[in-house]
Structure formats: structure tokens, C-alpha cells
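Notes for the one structure printed next.
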Amino acid sequence: MRITFLGSGAGAAVNPRRGAASIHLSHGDARLLVDTGPGFMERMADSGLNPDAVSDVIFSHLHFDHAMGVVELFSRLIARSGPPVTVFGPRDTDSYIEAALAFARVNATGDRIRAWLDGVSVELTRPGDERELGGLQVRSVEVPHAPYLECLARRFEAGGRSLVYSGDTTYAPEALVPLADGADVLVHEAFTEQALERMAQRLPEAIREGLYVGMRGSHCPAADAGRIAQEAGVGVLVLTHLTPDEREAELVAEARGAFDGTIIVASDGLSLEV
Ligand SMILES: [Zn+2]
């Protein structure tokens, strides 16, 4: 399977240097979008990938920087005559997609377009779900991120190779070490305190505390992502979901403190054969 990062940033509005979270995963004829952060379609074009070929979408969770671009996808795909996509996701993905389809229906000028939108289906992939999707075995476990949202990490396997994507999470070894056990590649979200400090300096003092609480309470330090990679015995750790103030050398140094395998810092357009 091949993964291509369409967006390696955290949040859509806060990061002018990286796109919001989205990964393209191809295997055989399957073309899967793992999260669709807004703006991912431009980066798909930059990577030479064809949005018309997308077969399915799978969400880690429904925060805007991971899901909102699905409307862009629908607006594009209504013009194609191919089969409708299926959207897989956590709790509430059904109501989210219903709303996204309502946006897209504003542009539904003909019967063919309406029929395509009517054909979009949703399947909830709740914690513990295991299924085959486009020739890939997909396993889902819940990770702690936001108390009001279900967030799922995924393990994709095919032909004896395996890829794990953490989604957004705090340090959660109890969920992620077993999921990532022996994986070839672990894509894990990460931040560093140094970047957090730089980001805070640019903010008015009144909202700095909120940034610290928000990042530390719902995201994962790079050092801890390294710990998970080491405990799980993965081959390659890819750090992603980065704020604009992150520096590659600092991210790698933090993760290296715990993990002695290969460490890669994700960038938009990065493509890896797993
Ligand atoms: Zn996010």
C-alpha cells in the first residue's frame, strides 16, 4: 500500500504552512481518503492524485480540520459517472454526512447529480470494529481526544504489511501500543513544548493558557509518540498533525529519546510505500 500526505498540519485556520489533516491510501484498485481536512483537494492535485478515483472515505473523528473537506469532495464527484462513495466513520458520521450532502445538493442541477448524491452511503466504524475495506483489513480502536467526540485510531493491513494511524489523541499507550504492535509504519500525531512556547508568544496573554490546556489535554508530545513506537516495536514512526511553529530537528530529537527506529516528520506531499 502507498500513503501520501495531503495535509500534515493541525487545525485548518492556524497553519498557513501545512494543509489540514488528510492522507491518501492506495492499495490495488482502492483509493481511500483517511480524513478530509479542508483544502485537501488542492494538495491532491499537487501530488498528481486523481480525486475522481476516490473509492471511499474514512474519518478518524469529526473535528473540522479532519472532516470538513468532504463537501469539496462531493462537489467534485457529483460530476463523475462512477459509483458513489461510502463514508466510514465514528459516532455521528451519519448526521455529519447528511449535512454535507445537503450542502452539495444546493448544486444538484440534474437528476444524475441527485442520484449520485442519493447513492452516498455511511457506515459507522465504532470502537472494536474490524472489517475488510477495498482489500485492506481495517481495525478501529477509540483514543482519548475530545470528551464530546468519538475519535478512532485505525490499523490497515494488506499483504503482510501494516500501517497504523493514531488520529488525534493524547498519550494513549493502552490503546495504541496493542494496535500498533509490530506495525511497519506508525503515523502518530505529535507536538513539542518548544513549538507550543513559540506559538504562545504570538498570542495575547489572555488566551495563552487556553492554548496550553488545549494542546496538552488533547494532543500527544513527540516524546510520547516515540514511546508508543518503541513499545509497539514499529519499524517507522511518522510524526504528523503539526503546528506552524514545529521544527523538524526538535520533533525528531524528542521522539528519538524513546524510539530507536526510523523517524520521519510528515510534510504535505510526502509519499511512502508501506
Ligand atoms: Zn486535528
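In the C-alpha cells, each chain is lettered A, B, ... as it comes, each chain's residues begin at 1, and ligands are numbered from 1 in order of appearance.
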Please write out the residues within 10 Å of ligand 1 as a PDB file with N, CA and C atoms, in the first residue's frame, counting only C-alpha atoms and all ligand atoms.
```
ATOM      1  N   SER A   8      -0.529  17.720   6.544  1.00  0.00           N
ATOM      2  CA  SER A   8       0.233  17.257   7.708  1.00  0.00           C
ATOM      3  C   SER A   8       0.125  18.248   8.862  1.00  0.00           C
ATOM      4  N   GLY A   9      -0.829  19.174   8.764  1.00  0.00           N
ATOM      5  CA  GLY A   9      -0.944  20.229   9.769  1.00  0.00           C
ATOM      6  C   GLY A   9      -2.032  19.962  10.791  1.00  0.00           C
ATOM      7  N   ALA A  10      -1.974  20.751  11.863  1.00  0.00           N
ATOM      8  CA  ALA A  10      -3.010  20.712  12.904  1.00  0.00           C
ATOM      9  C   ALA A  10      -3.905  21.917  12.718  1.00  0.00           C
ATOM     10  N   GLY A  11      -5.198  21.706  12.659  1.00  0.00           N
ATOM     11  CA  GLY A  11      -6.120  22.827  12.512  1.00  0.00           C
ATOM     12  C   GLY A  11      -6.042  23.392  11.108  1.00  0.00           C
ATOM     13  N   ALA A  12      -7.143  23.934  10.627  1.00  0.00           N
ATOM     14  CA  ALA A  12      -7.152  24.450   9.257  1.00  0.00           C
ATOM     15  C   ALA A  12      -6.754  25.912   9.205  1.00  0.00           C
ATOM     16  N   ALA A  20      -4.600  20.942   6.330  1.00  0.00           N
ATOM     17  CA  ALA A  20      -5.282  20.223   7.412  1.00  0.00           C
ATOM     18  C   ALA A  20      -5.250  18.721   7.135  1.00  0.00           C
ATOM     19  N   ALA A  21      -5.556  17.944   8.162  1.00  0.00           N
ATOM     20  CA  ALA A  21      -5.283  16.501   8.150  1.00  0.00           C
ATOM     21  C   ALA A  21      -5.989  15.730   7.035  1.00  0.00           C
ATOM     22  N   SER A  22      -5.189  15.069   6.224  1.00  0.00           N
ATOM     23  CA  SER A  22      -5.733  14.176   5.199  1.00  0.00           C
ATOM     24  C   SER A  22      -4.616  13.290   4.657  1.00  0.00           C
ATOM     25  N   ASP A  35      -9.390  10.811   6.443  1.00  0.00           N
ATOM     26  CA  ASP A  35      -9.641  12.203   6.834  1.00  0.00           C
ATOM     27  C   ASP A  35      -9.599  13.123   5.600  1.00  0.00           C
ATOM     28  N   GLY A  37      -9.389  16.917   5.605  1.00  0.00           N
ATOM     29  CA  GLY A  37      -9.280  18.292   6.081  1.00  0.00           C
ATOM     30  C   GLY A  37      -9.538  19.263   4.936  1.00  0.00           C
ATOM     31  N   SER A  60     -11.178   9.684  11.090  1.00  0.00           N
ATOM     32  CA  SER A  60     -10.764   9.362  12.455  1.00  0.00           C
ATOM     33  C   SER A  60     -11.742   9.984  13.441  1.00  0.00           C
ATOM     34  N   HIS A  61     -12.118  11.226  13.175  1.00  0.00           N
ATOM     35  CA  HIS A  61     -13.098  11.923  14.010  1.00  0.00           C
ATOM     36  C   HIS A  61     -13.611  13.125  13.231  1.00  0.00           C
ATOM     37  N   LEU A  62     -14.554  13.843  13.827  1.00  0.00           N
ATOM     38  CA  LEU A  62     -15.297  14.836  13.045  1.00  0.00           C
ATOM     39  C   LEU A  62     -14.902  16.280  13.341  1.00  0.00           C
ATOM     40  N   HIS A  63     -13.740  16.513  13.904  1.00  0.00           N
ATOM     41  CA  HIS A  63     -13.277  17.898  14.009  1.00  0.00           C
ATOM     42  C   HIS A  63     -13.090  18.475  12.608  1.00  0.00           C
ATOM     43  N   PHE A  64     -13.301  19.805  12.499  1.00  0.00           N
ATOM     44  CA  PHE A  64     -13.330  20.420  11.164  1.00  0.00           C
ATOM     45  C   PHE A  64     -12.038  20.213  10.388  1.00  0.00           C
ATOM     46  N   ASP A  65     -10.900  20.157  11.092  1.00  0.00           N
ATOM     47  CA  ASP A  65      -9.620  20.034  10.370  1.00  0.00           C
ATOM     48  C   ASP A  65      -9.366  18.612   9.859  1.00  0.00           C
ATOM     49  N   HIS A  66     -10.314  17.706  10.118  1.00  0.00           N
ATOM     50  CA  HIS A  66     -10.191  16.331   9.612  1.00  0.00           C
ATOM     51  C   HIS A  66     -11.330  15.949   8.670  1.00  0.00           C
ATOM     52  N   ALA A  67     -12.442  16.695   8.746  1.00  0.00           N
ATOM     53  CA  ALA A  67     -13.645  16.202   8.069  1.00  0.00           C
ATOM     54  C   ALA A  67     -14.281  17.183   7.085  1.00  0.00           C
ATOM     55  N   HIS A 145      -9.354  11.986  22.960  1.00  0.00           N
ATOM     56  CA  HIS A 145      -9.021  13.268  22.336  1.00  0.00           C
ATOM     57  C   HIS A 145      -9.915  14.384  22.869  1.00  0.00           C
ATOM     58  N   GLY A 167      -4.902   9.078  14.468  1.00  0.00           N
ATOM     59  CA  GLY A 167      -5.903  10.139  14.583  1.00  0.00           C
ATOM     60  C   GLY A 167      -5.398  11.180  15.570  1.00  0.00           C
ATOM     61  N   ASP A 168      -6.301  11.948  16.154  1.00  0.00           N
ATOM     62  CA  ASP A 168      -5.902  12.903  17.195  1.00  0.00           C
ATOM     63  C   ASP A 168      -6.069  12.233  18.547  1.00  0.00           C
ATOM     64  N   THR A 169      -5.047  12.352  19.372  1.00  0.00           N
ATOM     65  CA  THR A 169      -5.090  11.643  20.653  1.00  0.00           C
ATOM     66  C   THR A 169      -4.111  12.246  21.641  1.00  0.00           C
ATOM     67  N   GLU A 189       0.217  11.555  15.659  1.00  0.00           N
ATOM     68  CA  GLU A 189       0.220  12.999  15.863  1.00  0.00           C
ATOM     69  C   GLU A 189       1.238  13.377  16.931  1.00  0.00           C
ATOM     70  N   SER A 218      -5.309  17.408  24.920  1.00  0.00           N
ATOM     71  CA  SER A 218      -5.970  16.624  23.858  1.00  0.00           C
ATOM     72  C   SER A 218      -5.010  16.164  22.765  1.00  0.00           C
ATOM     73  N   HIS A 219      -3.707  16.436  22.923  1.00  0.00           N
ATOM     74  CA  HIS A 219      -2.734  16.005  21.910  1.00  0.00           C
ATOM     75  C   HIS A 219      -1.532  15.320  22.576  1.00  0.00           C
ATOM     76  N   THR A 240       3.029  13.629  12.595  1.00  0.00           N
ATOM     77  CA  THR A 240       2.177  14.489  11.775  1.00  0.00           C
ATOM     78  C   THR A 240       1.269  15.331  12.649  1.00  0.00           C
ATOM     79  N   HIS A 241       0.340  16.074  12.009  1.00  0.00           N
ATOM     80  CA  HIS A 241      -0.618  16.949  12.701  1.00  0.00           C
ATOM     81  C   HIS A 241       0.158  18.045  13.440  1.00  0.00           C
ATOM     82  N   LEU A 242       0.966  18.789  12.680  1.00  0.00           N
ATOM     83  CA  LEU A 242       1.950  19.699  13.256  1.00  0.00           C
ATOM     84  C   LEU A 242       1.490  21.150  13.204  1.00  0.00           C
TER      85      LEU A 242
END
```
Need the shell around Gln194 of chain A: protein/DNA/RNA residues with any atom at most 12 Å away, counting only C-alpha atoms. Skip same-chain ones fewer than 4 positions apart. Format as a list in words? Arg198, Met199, Ala200, Gln201, Tyr212, Pro221, Ala222, Thr243, Pro244, Asp245, Glu246, Arg247, Glu248, Ala249, Glu250, Leu251, Ala253 and Glu254 of chain A
Could you give me, as a count of residues only, each residue of segment 15-232 of chain A that DSSP assigns to alpha helix (DSSP H) when run on this structure's backbone? 82
Would you mind telling me which residue in A:Gly89, A:Gly160, A:Gly261, A:Pro84 lies nearest to Val54 of chain A when using only C-alpha atoms?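 Closest to Val54 of chain A of all the choices is A:Pro84.
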List as a VMD selection string the protein and nucleic acid residues near Asp94 of chain A, meaning an atom at most 8 Å away when only C-alpha atoms are counted, but skip any in the same chain fewer than 5 places from it. chain A and resid 122 to 124
For the selection you just gave me, I'd like the residues written to a file as an mmCIF file, in the first residue's frame, keeping N, CA, C and O atoms.
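What landed in result14.cif:
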```
data_model
loop_
_atom_site.group_PDB
_atom_site.id
_atom_site.type_symbol
_atom_site.label_atom_id
_atom_site.label_comp_id
_atom_site.auth_asym_id
_atom_site.auth_seq_id
_atom_site.Cartn_x
_atom_site.Cartn_y
_atom_site.Cartn_z
ATOM 1 N N VAL A 122 -23.181 5.699 4.333
ATOM 2 C CA VAL A 122 -22.372 5.852 5.544
ATOM 3 C C VAL A 122 -22.362 4.529 6.303
ATOM 4 O O VAL A 122 -23.400 3.878 6.417
ATOM 5 N N GLU A 123 -21.196 4.148 6.767
ATOM 6 C CA GLU A 123 -21.120 3.002 7.669
ATOM 7 C C GLU A 123 -20.342 3.418 8.909
ATOM 8 O O GLU A 123 -19.218 3.914 8.796
ATOM 9 N N LEU A 124 -20.949 3.240 10.052
ATOM 10 C CA LEU A 124 -20.273 3.592 11.298
ATOM 11 C C LEU A 124 -19.261 2.499 11.647
ATOM 12 O O LEU A 124 -19.584 1.317 11.608
#
```
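Atom CA of Glu130 of chain A is found 20.1 Å from atom CA of Ile23 of chain A.
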Of the listed residues A:Ala223, A:Ala172, A:Ile97, A:Val34, that which approaches Phe156 of chain A most closely, counting only C-alpha atoms: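 Among the listed residues, the smallest separation from Phe156 of chain A belongs to A:Val34.
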In terms of only C-alpha atoms, the residue from A:Val185, A:Val85, A:Ala266, A:Ala195 at minimal distance from Ala229 of chain A is A:Val185
Any idea what's packed within 12 Å of Gly214 of chain A, counting only C-alpha atoms, ignoring anything in its chain fewer than 6 positions away? Could you give it as a VMD selection string? chain A and resid 145 to 146 169 to 170 191 196 200 207 to 208 220
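With distances restricted to only C-alpha atoms, A:Ser267 is the closest residue to Arg18 of chain A from A:Asn107, A:Thr4, A:Ser140, A:Ser267.
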Rounded to one decimal place, report the atom CA of Leu270 of chain A-atom CA of Val187 of chain A distance in Å.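 Here the two named atoms are 12.2 Å from each other.
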If we count only C-alpha atoms, what is near Leu133 of chain A at a cut-off of 12 Å, once residues fewer than 5 positions away on the same chain are taken out, given as a ChimeraX atom specification? /A:25-33,55-58,86-88,123,125,138-139,155-158
Which is closer to Asn50 of chain A than all the others in A:Leu77, A:Pro173, A:Val70, A:Ala99, using only C-alpha atoms? A:Leu77
Could you jot down the atom CA of Pro178 of chain A to atom CA of Phe59 of chain A separation for me, Å, one decimal place?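 Answer for the atom CA of Pro178 of chain A to atom CA of Phe59 of chain A separation: 20.6 Å.
Excluding Val141 of chain A and any residue on its chain fewer than 3 positions from it, the residues at most 8 Å away by only C-alpha atoms are A:Arg126, A:Pro127, A:Gly128, A:Asp129, A:Leu152, A:Ala153, A:Arg154, A:Ala175, A:Leu179.
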